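S.K.: Let me give you the structure first, and then I'll get to my questions.
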Amino acid sequence: MPVTPSKMIRVLVVDDSALMRKLIPQLLERDTSIHVIATAMDGEFALKKIAELRPDAITLDLEMPRMDGIETLRQIMTQHREVPVVVVSAHDGASLTFKALHMGAFDFIAKPRDVLSAAMGEIAGDLIAKIKAAVSSPFQRQPLPMLEHALLPKPKRRRSAPAGPASKLVAIGISTGGPNSLEYMLAHLPGDFPGAILVVQHMPAGFTDTFARRLNESCALEVKEAQSGDLITAGRVLICPGDRHIRVRRMPLSDVVLLSDDPRVNGHRPSVDVLFHSVAQEFGSDAIGLLMTGMGEDGADGLGHMKDAGAITIAQDEASCVVFGMPRVAIERGYATRVVPLEAMASTLVTHCGIQRSAKAESKPGRPAGHL
């Protein structure tokens with residue numbers, strides 16, 4: 001059942017660092033609806049306290065002595081699956097973090113490199129929001145379809161010839177629940193997919209390169225972390241780096257992406273709205289906007305601009321969202337022309353992307369290249 005404001009959220013903090021076992025409860029209890037009922041220094045203590053205290057949520061460090069975070073999570077998913085887990089990850093633990101997400105962790109936050117800095121306080125709001133979303137999410141009580149390995153098709157061989165102009169540019173905005181949902185969808189796209197894909201996933205710096213590499217291994221398309229000047233071509237997926245914004249520009253010879261360090265938008269960098277506004281300006285009806293699972297409303301306004309520019313606009317449906325936040329706002333404002341479940345997302349994109357454009361078709365006049 002979703003947590004109501006009158007119900008206290010009881011949290012267990014698991015971390016081998018005595019400092020973190022002190023700091024994390026202080027951060028969480030800034031919110032009067034959260035109470036840290038206990039801490040544990042490793043997985044063995046954590047499992048005993050979960051059985052004894054029955055917390056509503058857990059924060060979990062991954063690198064611990066005796067029983068580490070991955071094994072602890074495995075045990076939680078087996079014995080206490082109804083209790084959501086938010087991973088508190090070190091910046092150099094990206095691979096372990098994505099493994100934890102694939103195993104069923106709800107989400108993660110990255111520890112600041114200096115836990116005594118002001119940055120530690122800045123993550124408080126993010127951690128509190130993710131714990132509240134985790135406790136309210138219905139997905140904790142049932143297996144996620146995108147976590148079932150049997151449902152993921154083996155990637156077909158990639159195209160051997162260099163990719164040419166894309167039939168459509170697919171701009172995707174996604175947040176909480178995104179890594180598994182995106183992996184599931186991309187794994188169902190064929191190797192000859194004619195569209196190009198740009199992704200803004202709310203994720204801190206230091207994690208998106210590992211994320212892109214993981215996706216590249218699990219699907220038939222080329223997936224990479226974006227760099228300024230990367231070409232937008234058919235069959236290519238570009239992931240916006242953490243702590244950067246991404247925009248697009250149509251050029252005479254090829255369409256490209258541009259990265260920037262501009263201020264946060266909607267509290268985010270990268271921001272989905274920044275990408276969607278840019279795509280609306282540059283690509284108009286040659287684009288598809290897709291807003292997937294995630295907290296907040298980043299991307300809703302940009303999806304509306306894409307719709308006004310003639311693009312196809314899609315929102316993920318509530319039943320398949322881990323958190324029905326960003327898509328819900330877009331749907332309520334009338335910005336989504338289609339509402340699609342995760343299971344049908346790949347086939348929907350294939351249908352709307354049609355066939356790959358020729359180089360001659362690419363040279364037709366488009367929207368002005370300015371106003372980035």
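Each chain in the structure tokens gets a letter, A, B, ..., in the order shown, and its residues are numbered from 1; ligands are numbered from 1 in order too.
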Using only C-alpha atoms, which protein or nucleic acid residues come within 10 Å of Phe106 (chain A)? Drop anything in the same chain fewer than 6 positions from it, and give the result as a list in words.
M.R.: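 The contact residues come out as Val83, Pro84, Val85, Val86, Val87, Ala100, Lys130, Ile131, Ala133, Ala134, Val135, Ser137, Phe139, Gln140, Thr176, Gly177 and Val322 of chain A.
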S.K.: Give me, as an MDAnalysis selection string, the residues of region 243-336 of chain A that a backbone DSSP run labels helix (DSSP H, G or I).
M.R.: chainID A and resid 272:286 300:308 318:320 326:332
S.K.: Can you list, as a list in words, every protein, DNA or RNA residue that comes within 10 Å of Asn216 (chain A) when you count only C-alpha atoms, leaving out same-chain residues fewer than 6 positions away?
M.R.: Pro155, Glu183, Leu186, Ala187, Thr210, Glu222, Val223, Lys224, Arg236 and Val237 of chain A
S.K.: Do you know which residues are at most 8 Å from Ala110 (chain A) counting only C-alpha atoms, after dropping those on the same chain fewer than 5 positions away, and could you put them as a list in words?
M.R.: Val88, Ser89, Ala90, His91 and Pro204 of chain A
S.K.: CA of Leu198 (chain A) to CA of Leu182 (chain A): how many Å, to one decimal?
M.R.: 11.8 Å
S.K.: Report the residues of region 8-155 of chain A whose backbone DSSP state falls under strand (DSSP E), written as a ChimeraX atom specification.
M.R.: /A:9-14,34-40,57-61,85-89,107-110
S.K.: Could you check which of A:Lys168, A:Leu12, A:Asn266, A:His352 is closest to Phe283 (chain A), using only C-alpha atoms?
M.R.: A:Lys168
S.K.: Would you pick out the contacts of Thr313 (chain A) at 7 Å or less, using only C-alpha atoms, so that residues sharing its chain but fewer than 4 positions from it are not included, and give the list as an NGL selection string?
M.R.: :A and (288-290 or 303 or 307 or 336-338)
S.K.: At a cut-off of 8 Å, using only C-alpha atoms, what residues contact region 13-28 of chain A? Leave out same-chain residues fewer than 3 positions from it and give the result as a PyMOL selection string.
M.R.: chain A and resi 31+34-36+38-43+46+58-61+63-65+121+124+127-128
